[in-house]
Amino acid sequence: MSEPVLQDEGIPDMLLSGPSGTGKSLIIHAVCKQIVELCESQGKVFGVLSINCEGPKTADRAVYRLVKAAADDLGVDPGVPQTGVSTDQKLERLYELMREHYDGVIFILDEIDLLEGPYQEAEYNSLIYQLSRARKLADFDGPISLTTITNYADFMKNLNSRAQSSYNPDDIFFDDYDATQLRSILKYRRDAFKPESLSDDVIPLVAAFGSQTHGDARKAIDLLRWAGELAERRGADTVTESDVRKAQEKYTENRKLRHISGISTQKKLSTYAVAATAHYTKENLEWIPAGPAFKTYQFIADTMDAEKYSRETFVNHVTEQSTYGVLDFERRGRGRGRGVHMYFSLSEDPETIMETIREDSRFADLAHEDPTISSVVRERMKKFRSNS
């Protein structure tokens, strides 16, 4: 799909979707590296402007990161400050750099779904709308492509009408790796071990476990590493099938908590608030109402000096964790004329979830037992019951 740039032809916008660890980011960057090298051999300059959308939070910050990516690639000054100027001015600077230095450009927005912003309207709608119209807005003659990367196959359904009208990508879905593919990938990781230190059945067994449980290359590589660590701890010279099986047991036991460790800051904050509400309620409630949990979220966000999102975004962050078995949720009516309310039920011990999240340095200052959070939880639960 990217090859037409070599003939100065247009290249399509692309959407790369599929589960984590299936090579989406790796492959698009590997292909773009080849395109850059081939363009150079033809005396042309192809720009690859790539950002990860977990950090910026707003379209304005994301645009600045694209300006910075172009400036760093070209060895020039960004030409605009990060703050104090409008998004339109930053976009114009981006287009100016493109016109002056590039014959073709591909924008890569990795983890696009994480660019949610503090408001109900997700920030990625604005960014996708602007960049998908870049050829026209930038007065740029060369080929331009916008590539978005996400784990969610239904991401396009979340776009608003403006973004959908301007962004019509070719959809490329990345399936989970099967055992044969994982075995091939793992063979390239043998050099992490001393020669002859892996028994013949280790890599096939790791690949089999990986394909059966997740199809994720990163997790399969982790499993191989854990097996090696277990062998090293027992003082063995060889990693065996037994080490792999013990490592797999470790993976199964800690899978939910490892997932929590890897989610974004706002999702951790939302999940922490639900766990804290369950923990400080002191009543062993099976179901936690979303209302008091959201108030706890707001209080903890203030304590951490973190950005506060809307209640709808908070609920979306929490309910997403049901996909990974961290919790369950349901909507209940509270009687005639009293509306429908969301409730959460954690599948892990609330204190364990809180401890896992506090391992993140951004949450390290939250106390193990915090009387202020406890007070907020009790007050909000009392008010919730009085209104029920």
# chains A, B, ... in the order shown; residues from 1 in each chain; ligands from 1
call {"tool": "residues_around", "arguments": {"residues": "region 133-139 of chain A", "least_positions_apart": "3", "cutoff": "10 Å", "atoms": "only C-alpha atoms", "output": "short mmCIF file (atom, residue, chain, number, x, y, z; two decimals) with N, CA, C and O atoms, in the first residue's frame"}}
result
data_model
loop_
_atom_site.label_atom_id
_atom_site.label_comp_id
_atom_site.auth_asym_id
_atom_site.auth_seq_id
_atom_site.Cartn_x
_atom_site.Cartn_y
_atom_site.Cartn_z
N LEU A 91 -0.29 23.74 13.46
CA LEU A 91 -0.53 23.00 12.23
C LEU A 91 0.12 23.70 11.04
O LEU A 91 0.72 23.05 10.17
N GLU A 92 0.01 25.01 11.00
CA GLU A 92 0.61 25.75 9.88
C GLU A 92 2.12 25.58 9.87
O GLU A 92 2.74 25.45 8.81
N ARG A 93 2.74 25.55 11.06
CA ARG A 93 4.18 25.32 11.12
C ARG A 93 4.51 23.91 10.64
O ARG A 93 5.50 23.70 9.93
N LEU A 94 3.68 22.94 11.01
CA LEU A 94 3.88 21.57 10.55
C LEU A 94 3.82 21.51 9.02
O LEU A 94 4.69 20.90 8.37
N TYR A 95 2.82 22.15 8.45
CA TYR A 95 2.67 22.14 6.99
C TYR A 95 3.82 22.89 6.30
O TYR A 95 4.26 22.52 5.21
N GLU A 96 4.30 23.94 6.96
CA GLU A 96 5.42 24.70 6.40
C GLU A 96 6.67 23.81 6.31
O GLU A 96 7.38 23.81 5.29
N LEU A 97 6.92 23.04 7.37
CA LEU A 97 8.07 22.12 7.37
C LEU A 97 7.91 21.07 6.28
O LEU A 97 8.88 20.71 5.60
N MET A 98 6.69 20.59 6.10
CA MET A 98 6.43 19.59 5.05
C MET A 98 6.71 20.16 3.67
O MET A 98 7.38 19.53 2.85
N ARG A 99 6.19 21.36 3.41
CA ARG A 99 6.35 21.96 2.08
C ARG A 99 7.82 22.23 1.76
O ARG A 99 8.28 22.05 0.62
N VAL A 105 4.82 12.40 2.87
CA VAL A 105 4.75 12.29 4.33
C VAL A 105 3.73 11.23 4.72
O VAL A 105 2.67 11.10 4.10
N ILE A 128 -7.73 13.48 13.85
CA ILE A 128 -7.93 12.71 12.62
C ILE A 128 -8.56 13.57 11.53
O ILE A 128 -8.16 13.51 10.36
N TYR A 129 -9.52 14.39 11.91
CA TYR A 129 -10.17 15.27 10.94
C TYR A 129 -9.16 16.22 10.30
O TYR A 129 -9.13 16.39 9.07
N GLN A 130 -8.31 16.83 11.12
CA GLN A 130 -7.33 17.79 10.60
C GLN A 130 -6.30 17.11 9.70
O GLN A 130 -6.02 17.58 8.59
N GLY A 142 2.87 16.56 -2.77
CA GLY A 142 3.29 15.17 -2.68
C GLY A 142 2.26 14.29 -1.99
O GLY A 142 1.25 14.76 -1.48
N PRO A 143 2.51 12.97 -1.97
CA PRO A 143 1.59 12.04 -1.31
C PRO A 143 1.61 12.20 0.21
O PRO A 143 2.67 12.43 0.80
N ILE A 144 0.45 12.13 0.83
CA ILE A 144 0.30 12.19 2.28
C ILE A 144 -0.60 11.03 2.70
O ILE A 144 -1.62 10.76 2.07
N SER A 145 -0.23 10.36 3.78
CA SER A 145 -1.05 9.28 4.32
C SER A 145 -1.17 9.44 5.82
O SER A 145 -0.22 9.84 6.50
N LEU A 146 -2.33 9.13 6.35
CA LEU A 146 -2.55 9.10 7.80
C LEU A 146 -2.78 7.65 8.21
O LEU A 146 -3.74 7.01 7.75
N ALA A 163 -15.09 13.33 11.40
CA ALA A 163 -13.88 12.53 11.22
C ALA A 163 -14.14 11.39 10.23
O ALA A 163 -13.30 11.08 9.38
N SER A 166 -14.01 12.42 6.50
CA SER A 166 -12.73 12.77 5.88
C SER A 166 -11.71 11.64 5.97
O SER A 166 -10.71 11.66 5.24
N TYR A 167 -11.93 10.67 6.85
CA TYR A 167 -10.95 9.61 7.06
C TYR A 167 -11.58 8.28 6.64
O TYR A 167 -12.45 7.75 7.32
#
call {"tool": "residues_around", "arguments": {"residues": "region 362-372 of chain A", "least_positions_apart": "5", "cutoff": "9 Å", "atoms": "only C-alpha atoms", "output": "short mmCIF file (atom, residue, chain, number, x, y, z; two decimals) with all heavy atoms, in the first residue's frame"}}
result
data_model
loop_
_atom_site.label_atom_id
_atom_site.label_comp_id
_atom_site.auth_asym_id
_atom_site.auth_seq_id
_atom_site.Cartn_x
_atom_site.Cartn_y
_atom_site.Cartn_z
N THR A 265 -2.38 5.92 32.59
CA THR A 265 -2.51 6.57 33.90
C THR A 265 -3.96 6.83 34.27
O THR A 265 -4.38 6.55 35.40
CB THR A 265 -1.73 7.89 33.91
OG1 THR A 265 -0.35 7.63 33.64
CG2 THR A 265 -1.85 8.60 35.25
N LEU A 269 -6.02 5.33 37.38
CA LEU A 269 -6.66 6.21 38.34
C LEU A 269 -8.13 5.85 38.52
O LEU A 269 -8.65 5.80 39.65
CB LEU A 269 -6.50 7.67 37.89
CG LEU A 269 -7.12 8.76 38.75
CD1 LEU A 269 -6.65 8.65 40.19
CD2 LEU A 269 -6.76 10.14 38.19
N TYR A 280 -12.42 1.13 51.34
CA TYR A 280 -12.69 2.00 52.47
C TYR A 280 -14.16 1.97 52.90
O TYR A 280 -14.49 2.51 53.97
CB TYR A 280 -12.29 3.44 52.13
CG TYR A 280 -10.79 3.64 52.04
CD1 TYR A 280 -10.19 3.96 50.83
CD2 TYR A 280 -9.99 3.48 53.16
CE1 TYR A 280 -8.81 4.15 50.74
CE2 TYR A 280 -8.61 3.66 53.07
CZ TYR A 280 -8.03 3.98 51.87
OH TYR A 280 -6.67 4.15 51.79
N ILE A 300 -9.14 11.85 44.30
CA ILE A 300 -7.78 11.33 44.15
C ILE A 300 -7.05 12.08 43.04
O ILE A 300 -5.86 12.37 43.14
CB ILE A 300 -7.80 9.82 43.88
CG1 ILE A 300 -8.39 9.08 45.08
CG2 ILE A 300 -6.40 9.29 43.60
CD1 ILE A 300 -8.61 7.59 44.84
N THR A 303 -5.83 15.17 44.49
CA THR A 303 -4.71 14.87 45.38
C THR A 303 -3.41 14.69 44.59
O THR A 303 -2.34 15.15 45.01
CB THR A 303 -4.99 13.59 46.19
OG1 THR A 303 -6.18 13.76 46.96
CG2 THR A 303 -3.83 13.24 47.11
N MET A 304 -3.51 14.04 43.42
CA MET A 304 -2.34 13.78 42.58
C MET A 304 -2.03 14.92 41.62
O MET A 304 -1.05 14.85 40.88
CB MET A 304 -2.58 12.50 41.76
CG MET A 304 -2.70 11.23 42.58
SD MET A 304 -3.13 9.81 41.54
CE MET A 304 -1.80 9.84 40.33
N GLU A 351 -7.55 -4.24 47.89
CA GLU A 351 -6.25 -3.78 48.40
C GLU A 351 -5.10 -4.23 47.50
O GLU A 351 -4.13 -3.50 47.29
CB GLU A 351 -6.05 -4.30 49.82
CG GLU A 351 -4.89 -3.64 50.54
CD GLU A 351 -4.85 -3.98 52.01
OE1 GLU A 351 -5.69 -4.78 52.47
OE2 GLU A 351 -3.96 -3.45 52.70
N MET A 354 -5.01 -1.94 44.55
CA MET A 354 -4.43 -0.66 44.94
C MET A 354 -2.91 -0.76 45.07
O MET A 354 -2.18 0.13 44.64
CB MET A 354 -5.06 -0.18 46.25
CG MET A 354 -6.55 0.18 46.10
SD MET A 354 -7.41 0.26 47.69
CE MET A 354 -6.61 1.69 48.43
N GLU A 355 -2.43 -1.84 45.66
CA GLU A 355 -0.98 -2.03 45.83
C GLU A 355 -0.30 -2.13 44.47
O GLU A 355 0.79 -1.58 44.25
CB GLU A 355 -0.72 -3.30 46.64
CG GLU A 355 -1.05 -3.16 48.13
CD GLU A 355 -0.89 -4.48 48.86
OE1 GLU A 355 -0.54 -5.49 48.20
OE2 GLU A 355 -1.12 -4.51 50.08
N ILE A 357 -1.28 -0.83 41.61
CA ILE A 357 -1.25 0.48 40.96
C ILE A 357 -0.25 1.41 41.64
O ILE A 357 0.42 2.21 40.97
CB ILE A 357 -2.67 1.09 40.95
CG1 ILE A 357 -3.59 0.25 40.05
CG2 ILE A 357 -2.64 2.55 40.47
CD1 ILE A 357 -5.04 0.67 40.05
N VAL A 377 -14.91 8.53 50.88
CA VAL A 377 -15.69 7.34 50.50
C VAL A 377 -16.89 7.18 51.42
O VAL A 377 -18.03 6.98 50.96
CB VAL A 377 -14.81 6.08 50.53
CG1 VAL A 377 -15.68 4.83 50.41
CG2 VAL A 377 -13.79 6.12 49.41
#
call {"tool": "atom_distance", "arguments": {"atom1": "CA of Ser126 (chain A)", "atom2": "CA of Leu159 (chain A)"}}
result
9.6 Å
call {"tool": "residues_around", "arguments": {"residues": "Ile288 (chain A)", "least_positions_apart": "2", "cutoff": "9 Å", "atoms": "only C-alpha atoms", "output": "NGL selection string"}}
result
:A and (274-275 or 277-278 or 285-286 or 290-293 or 342-346)
call {"tool": "write_last_selection", "arguments": {"atoms": "N, CA and C atoms", "output": "JSON list (two decimals), in the first residue's frame"}}
result
[["chain", "number", "residue", "atom", "x", "y", "z"],
["A", 274, "VAL", "N", -12.25, 2.91, 42.08],
["A", 274, "VAL", "CA", -13.25, 1.87, 42.38],
["A", 274, "VAL", "C", -12.74, 0.95, 43.48],
["A", 275, "ALA", "N", -11.46, 0.54, 43.40],
["A", 275, "ALA", "CA", -10.89, -0.33, 44.42],
["A", 275, "ALA", "C", -10.86, 0.37, 45.77],
["A", 277, "THR", "N", -12.86, 2.76, 46.79],
["A", 277, "THR", "CA", -14.24, 2.85, 47.28],
["A", 277, "THR", "C", -14.65, 1.53, 47.92],
["A", 278, "ALA", "N", -14.31, 0.42, 47.28],
["A", 278, "ALA", "CA", -14.63, -0.90, 47.83],
["A", 278, "ALA", "C", -13.86, -1.14, 49.14],
["A", 285, "LEU", "N", -18.88, -4.93, 50.31],
["A", 285, "LEU", "CA", -19.93, -4.85, 49.30],
["A", 285, "LEU", "C", -19.50, -5.60, 48.04],
["A", 286, "GLU", "N", -20.40, -6.40, 47.50],
["A", 286, "GLU", "CA", -20.09, -7.10, 46.25],
["A", 286, "GLU", "C", -20.15, -6.15, 45.07],
["A", 290, "ALA", "N", -21.35, 3.44, 40.89],
["A", 290, "ALA", "CA", -20.45, 4.28, 40.11],
["A", 290, "ALA", "C", -20.39, 5.70, 40.64],
["A", 291, "GLY", "N", -21.51, 6.21, 41.19],
["A", 291, "GLY", "CA", -21.55, 7.59, 41.66],
["A", 291, "GLY", "C", -20.49, 7.89, 42.72],
["A", 292, "PRO", "N", -20.51, 7.18, 43.85],
["A", 292, "PRO", "CA", -19.47, 7.41, 44.86],
["A", 292, "PRO", "C", -18.06, 7.13, 44.35],
["A", 293, "ALA", "N", -17.92, 6.11, 43.49],
["A", 293, "ALA", "CA", -16.60, 5.80, 42.94],
["A", 293, "ALA", "C", -16.08, 6.96, 42.09],
["A", 342, "MET", "N", -25.03, 2.60, 37.29],
["A", 342, "MET", "CA", -23.98, 1.62, 37.03],
["A", 342, "MET", "C", -23.37, 1.15, 38.35],
["A", 343, "TYR", "N", -23.09, -0.17, 38.38],
["A", 343, "TYR", "CA", -22.42, -0.76, 39.53],
["A", 343, "TYR", "C", -21.24, -1.60, 39.05],
["A", 344, "PHE", "N", -20.17, -1.64, 39.88],
["A", 344, "PHE", "CA", -18.97, -2.41, 39.55],
["A", 344, "PHE", "C", -18.72, -3.47, 40.61],
["A", 345, "SER", "N", -18.21, -4.62, 40.17],
["A", 345, "SER", "CA", -17.84, -5.70, 41.08],
["A", 345, "SER", "C", -16.43, -6.17, 40.72],
["A", 346, "LEU", "N", -15.49, -6.03, 41.66],
["A", 346, "LEU", "CA", -14.10, -6.38, 41.42],
["A", 346, "LEU", "C", -13.89, -7.89, 41.55]]
call {"tool": "select_by_dssp", "arguments": {"residues": "region 166-239 of chain A", "states": "strand (DSSP E)", "output": "VMD selection string"}}
result
chain A and resid 170 to 173
call {"tool": "write_last_selection", "arguments": {"atoms": "C-alpha atoms", "output": "short mmCIF file (atom, residue, chain, number, x, y, z; two decimals), in the first residue's frame"}}
result
data_model
loop_
_atom_site.label_atom_id
_atom_site.label_comp_id
_atom_site.auth_asym_id
_atom_site.auth_seq_id
_atom_site.Cartn_x
_atom_site.Cartn_y
_atom_site.Cartn_z
CA ASP A 170 -7.79 0.81 4.27
CA ASP A 171 -8.32 -1.47 7.26
CA ILE A 172 -5.50 -3.91 8.00
CA PHE A 173 -6.25 -6.37 10.80
#
call {"tool": "decode", "arguments": {"residues": "region 190-222 of chain A", "atoms": "N, CA, C and O atoms", "output": "PDB file, in the first residue's frame"}}
result
ATOM      1  N   ARG A 190      16.990 -16.794  20.957  1.00  0.00           N
ATOM      2  CA  ARG A 190      17.885 -17.788  21.560  1.00  0.00           C
ATOM      3  C   ARG A 190      19.205 -17.154  21.984  1.00  0.00           C
ATOM      4  O   ARG A 190      19.860 -17.639  22.915  1.00  0.00           O
ATOM      5  N   ASP A 191      19.600 -16.071  21.312  1.00  0.00           N
ATOM      6  CA  ASP A 191      20.898 -15.476  21.621  1.00  0.00           C
ATOM      7  C   ASP A 191      20.913 -14.793  22.991  1.00  0.00           C
ATOM      8  O   ASP A 191      21.965 -14.341  23.452  1.00  0.00           O
ATOM      9  N   ALA A 192      19.756 -14.710  23.653  1.00  0.00           N
ATOM     10  CA  ALA A 192      19.724 -14.204  25.026  1.00  0.00           C
ATOM     11  C   ALA A 192      20.229 -15.261  26.013  1.00  0.00           C
ATOM     12  O   ALA A 192      20.470 -14.951  27.181  1.00  0.00           O
ATOM     13  N   PHE A 193      20.370 -16.488  25.556  1.00  0.00           N
ATOM     14  CA  PHE A 193      20.801 -17.603  26.400  1.00  0.00           C
ATOM     15  C   PHE A 193      22.162 -18.114  25.939  1.00  0.00           C
ATOM     16  O   PHE A 193      22.541 -17.963  24.773  1.00  0.00           O
ATOM     17  N   LYS A 194      22.874 -18.739  26.851  1.00  0.00           N
ATOM     18  CA  LYS A 194      24.143 -19.371  26.485  1.00  0.00           C
ATOM     19  C   LYS A 194      23.876 -20.514  25.508  1.00  0.00           C
ATOM     20  O   LYS A 194      22.805 -21.130  25.543  1.00  0.00           O
ATOM     21  N   PRO A 195      24.839 -20.822  24.642  1.00  0.00           N
ATOM     22  CA  PRO A 195      24.668 -21.939  23.700  1.00  0.00           C
ATOM     23  C   PRO A 195      24.336 -23.238  24.441  1.00  0.00           C
ATOM     24  O   PRO A 195      24.870 -23.516  25.514  1.00  0.00           O
ATOM     25  N   GLU A 196      23.417 -23.986  23.877  1.00  0.00           N
ATOM     26  CA  GLU A 196      23.017 -25.299  24.397  1.00  0.00           C
ATOM     27  C   GLU A 196      22.307 -25.216  25.749  1.00  0.00           C
ATOM     28  O   GLU A 196      22.148 -26.241  26.425  1.00  0.00           O
ATOM     29  N   SER A 197      21.880 -24.039  26.177  1.00  0.00           N
ATOM     30  CA  SER A 197      21.226 -23.934  27.488  1.00  0.00           C
ATOM     31  C   SER A 197      19.712 -24.107  27.421  1.00  0.00           C
ATOM     32  O   SER A 197      19.050 -24.150  28.460  1.00  0.00           O
ATOM     33  N   LEU A 198      19.141 -24.185  26.221  1.00  0.00           N
ATOM     34  CA  LEU A 198      17.710 -24.430  26.055  1.00  0.00           C
ATOM     35  C   LEU A 198      17.502 -25.865  25.583  1.00  0.00           C
ATOM     36  O   LEU A 198      18.032 -26.257  24.538  1.00  0.00           O
ATOM     37  N   SER A 199      16.725 -26.640  26.340  1.00  0.00           N
ATOM     38  CA  SER A 199      16.407 -27.977  25.857  1.00  0.00           C
ATOM     39  C   SER A 199      15.505 -27.867  24.636  1.00  0.00           C
ATOM     40  O   SER A 199      14.826 -26.858  24.430  1.00  0.00           O
ATOM     41  N   ASP A 200      15.493 -28.918  23.812  1.00  0.00           N
ATOM     42  CA  ASP A 200      14.818 -28.847  22.507  1.00  0.00           C
ATOM     43  C   ASP A 200      13.330 -28.549  22.604  1.00  0.00           C
ATOM     44  O   ASP A 200      12.738 -28.004  21.664  1.00  0.00           O
ATOM     45  N   ASP A 201      12.705 -28.905  23.715  1.00  0.00           N
ATOM     46  CA  ASP A 201      11.251 -28.748  23.809  1.00  0.00           C
ATOM     47  C   ASP A 201      10.828 -27.396  24.385  1.00  0.00           C
ATOM     48  O   ASP A 201       9.637 -27.108  24.473  1.00  0.00           O
ATOM     49  N   VAL A 202      11.782 -26.541  24.768  1.00  0.00           N
ATOM     50  CA  VAL A 202      11.430 -25.284  25.437  1.00  0.00           C
ATOM     51  C   VAL A 202      10.714 -24.323  24.495  1.00  0.00           C
ATOM     52  O   VAL A 202       9.604 -23.857  24.784  1.00  0.00           O
ATOM     53  N   ILE A 203      11.315 -23.992  23.360  1.00  0.00           N
ATOM     54  CA  ILE A 203      10.702 -23.022  22.448  1.00  0.00           C
ATOM     55  C   ILE A 203       9.371 -23.526  21.891  1.00  0.00           C
ATOM     56  O   ILE A 203       8.384 -22.767  21.868  1.00  0.00           O
ATOM     57  N   PRO A 204       9.250 -24.781  21.448  1.00  0.00           N
ATOM     58  CA  PRO A 204       7.938 -25.254  20.993  1.00  0.00           C
ATOM     59  C   PRO A 204       6.865 -25.174  22.082  1.00  0.00           C
ATOM     60  O   PRO A 204       5.710 -24.836  21.794  1.00  0.00           O
ATOM     61  N   LEU A 205       7.245 -25.443  23.345  1.00  0.00           N
ATOM     62  CA  LEU A 205       6.255 -25.406  24.428  1.00  0.00           C
ATOM     63  C   LEU A 205       5.851 -23.964  24.740  1.00  0.00           C
ATOM     64  O   LEU A 205       4.663 -23.678  24.948  1.00  0.00           O
ATOM     65  N   VAL A 206       6.818 -23.062  24.770  1.00  0.00           N
ATOM     66  CA  VAL A 206       6.496 -21.646  24.988  1.00  0.00           C
ATOM     67  C   VAL A 206       5.570 -21.148  23.878  1.00  0.00           C
ATOM     68  O   VAL A 206       4.583 -20.442  24.133  1.00  0.00           O
ATOM     69  N   ALA A 207       5.869 -21.503  22.636  1.00  0.00           N
ATOM     70  CA  ALA A 207       5.031 -21.090  21.503  1.00  0.00           C
ATOM     71  C   ALA A 207       3.624 -21.671  21.619  1.00  0.00           C
ATOM     72  O   ALA A 207       2.638 -20.988  21.314  1.00  0.00           O
ATOM     73  N   ALA A 208       3.527 -22.921  22.061  1.00  0.00           N
ATOM     74  CA  ALA A 208       2.211 -23.554  22.213  1.00  0.00           C
ATOM     75  C   ALA A 208       1.399 -22.853  23.287  1.00  0.00           C
ATOM     76  O   ALA A 208       0.213 -22.539  23.086  1.00  0.00           O
ATOM     77  N   PHE A 209       2.010 -22.580  24.449  1.00  0.00           N
ATOM     78  CA  PHE A 209       1.304 -21.856  25.508  1.00  0.00           C
ATOM     79  C   PHE A 209       0.894 -20.464  25.016  1.00  0.00           C
ATOM     80  O   PHE A 209      -0.225 -20.016  25.265  1.00  0.00           O
ATOM     81  N   GLY A 210       1.801 -19.787  24.315  1.00  0.00           N
ATOM     82  CA  GLY A 210       1.511 -18.444  23.836  1.00  0.00           C
ATOM     83  C   GLY A 210       0.342 -18.400  22.879  1.00  0.00           C
ATOM     84  O   GLY A 210      -0.520 -17.531  22.970  1.00  0.00           O
ATOM     85  N   SER A 211       0.291 -19.350  21.958  1.00  0.00           N
ATOM     86  CA  SER A 211      -0.797 -19.355  20.970  1.00  0.00           C
ATOM     87  C   SER A 211      -2.123 -19.726  21.610  1.00  0.00           C
ATOM     88  O   SER A 211      -3.186 -19.261  21.184  1.00  0.00           O
ATOM     89  N   GLN A 212      -2.088 -20.560  22.645  1.00  0.00           N
ATOM     90  CA  GLN A 212      -3.324 -21.003  23.295  1.00  0.00           C
ATOM     91  C   GLN A 212      -3.925 -19.925  24.188  1.00  0.00           C
ATOM     92  O   GLN A 212      -5.153 -19.847  24.322  1.00  0.00           O
ATOM     93  N   THR A 213      -3.066 -19.092  24.812  1.00  0.00           N
ATOM     94  CA  THR A 213      -3.573 -18.158  25.822  1.00  0.00           C
ATOM     95  C   THR A 213      -3.724 -16.724  25.346  1.00  0.00           C
ATOM     96  O   THR A 213      -4.586 -16.004  25.836  1.00  0.00           O
ATOM     97  N   HIS A 214      -2.880 -16.264  24.390  1.00  0.00           N
ATOM     98  CA  HIS A 214      -2.975 -14.845  24.033  1.00  0.00           C
ATOM     99  C   HIS A 214      -2.525 -14.518  22.611  1.00  0.00           C
ATOM    100  O   HIS A 214      -2.977 -13.549  22.041  1.00  0.00           O
ATOM    101  N   GLY A 215      -1.631 -15.295  22.003  1.00  0.00           N
ATOM    102  CA  GLY A 215      -1.143 -14.984  20.664  1.00  0.00           C
ATOM    103  C   GLY A 215      -0.316 -13.722  20.595  1.00  0.00           C
ATOM    104  O   GLY A 215      -0.150 -13.123  19.532  1.00  0.00           O
ATOM    105  N   ASP A 216       0.244 -13.306  21.732  1.00  0.00           N
ATOM    106  CA  ASP A 216       0.987 -12.056  21.866  1.00  0.00           C
ATOM    107  C   ASP A 216       2.479 -12.369  21.887  1.00  0.00           C
ATOM    108  O   ASP A 216       2.963 -13.078  22.778  1.00  0.00           O
ATOM    109  N   ALA A 217       3.233 -11.830  20.924  1.00  0.00           N
ATOM    110  CA  ALA A 217       4.660 -12.135  20.838  1.00  0.00           C
ATOM    111  C   ALA A 217       5.419 -11.606  22.046  1.00  0.00           C
ATOM    112  O   ALA A 217       6.333 -12.264  22.553  1.00  0.00           O
ATOM    113  N   ARG A 218       5.060 -10.406  22.522  1.00  0.00           N
ATOM    114  CA  ARG A 218       5.757  -9.848  23.680  1.00  0.00           C
ATOM    115  C   ARG A 218       5.588 -10.742  24.901  1.00  0.00           C
ATOM    116  O   ARG A 218       6.535 -10.964  25.660  1.00  0.00           O
ATOM    117  N   LYS A 219       4.372 -11.258  25.109  1.00  0.00           N
ATOM    118  CA  LYS A 219       4.126 -12.113  26.274  1.00  0.00           C
ATOM    119  C   LYS A 219       4.827 -13.462  26.122  1.00  0.00           C
ATOM    120  O   LYS A 219       5.291 -14.039  27.112  1.00  0.00           O
ATOM    121  N   ALA A 220       4.902 -13.963  24.896  1.00  0.00           N
ATOM    122  CA  ALA A 220       5.620 -15.222  24.673  1.00  0.00           C
ATOM    123  C   ALA A 220       7.101 -15.050  24.984  1.00  0.00           C
ATOM    124  O   ALA A 220       7.738 -15.925  25.593  1.00  0.00           O
ATOM    125  N   ILE A 221       7.667 -13.907  24.585  1.00  0.00           N
ATOM    126  CA  ILE A 221       9.068 -13.624  24.889  1.00  0.00           C
ATOM    127  C   ILE A 221       9.274 -13.497  26.396  1.00  0.00           C
ATOM    128  O   ILE A 221      10.264 -13.989  26.952  1.00  0.00           O
ATOM    129  N   ASP A 222       8.315 -12.857  27.081  1.00  0.00           N
ATOM    130  CA  ASP A 222       8.392 -12.764  28.546  1.00  0.00           C
ATOM    131  C   ASP A 222       8.365 -14.150  29.180  1.00  0.00           C
ATOM    132  O   ASP A 222       9.096 -14.423  30.143  1.00  0.00           O
TER     133      ASP A 222
END
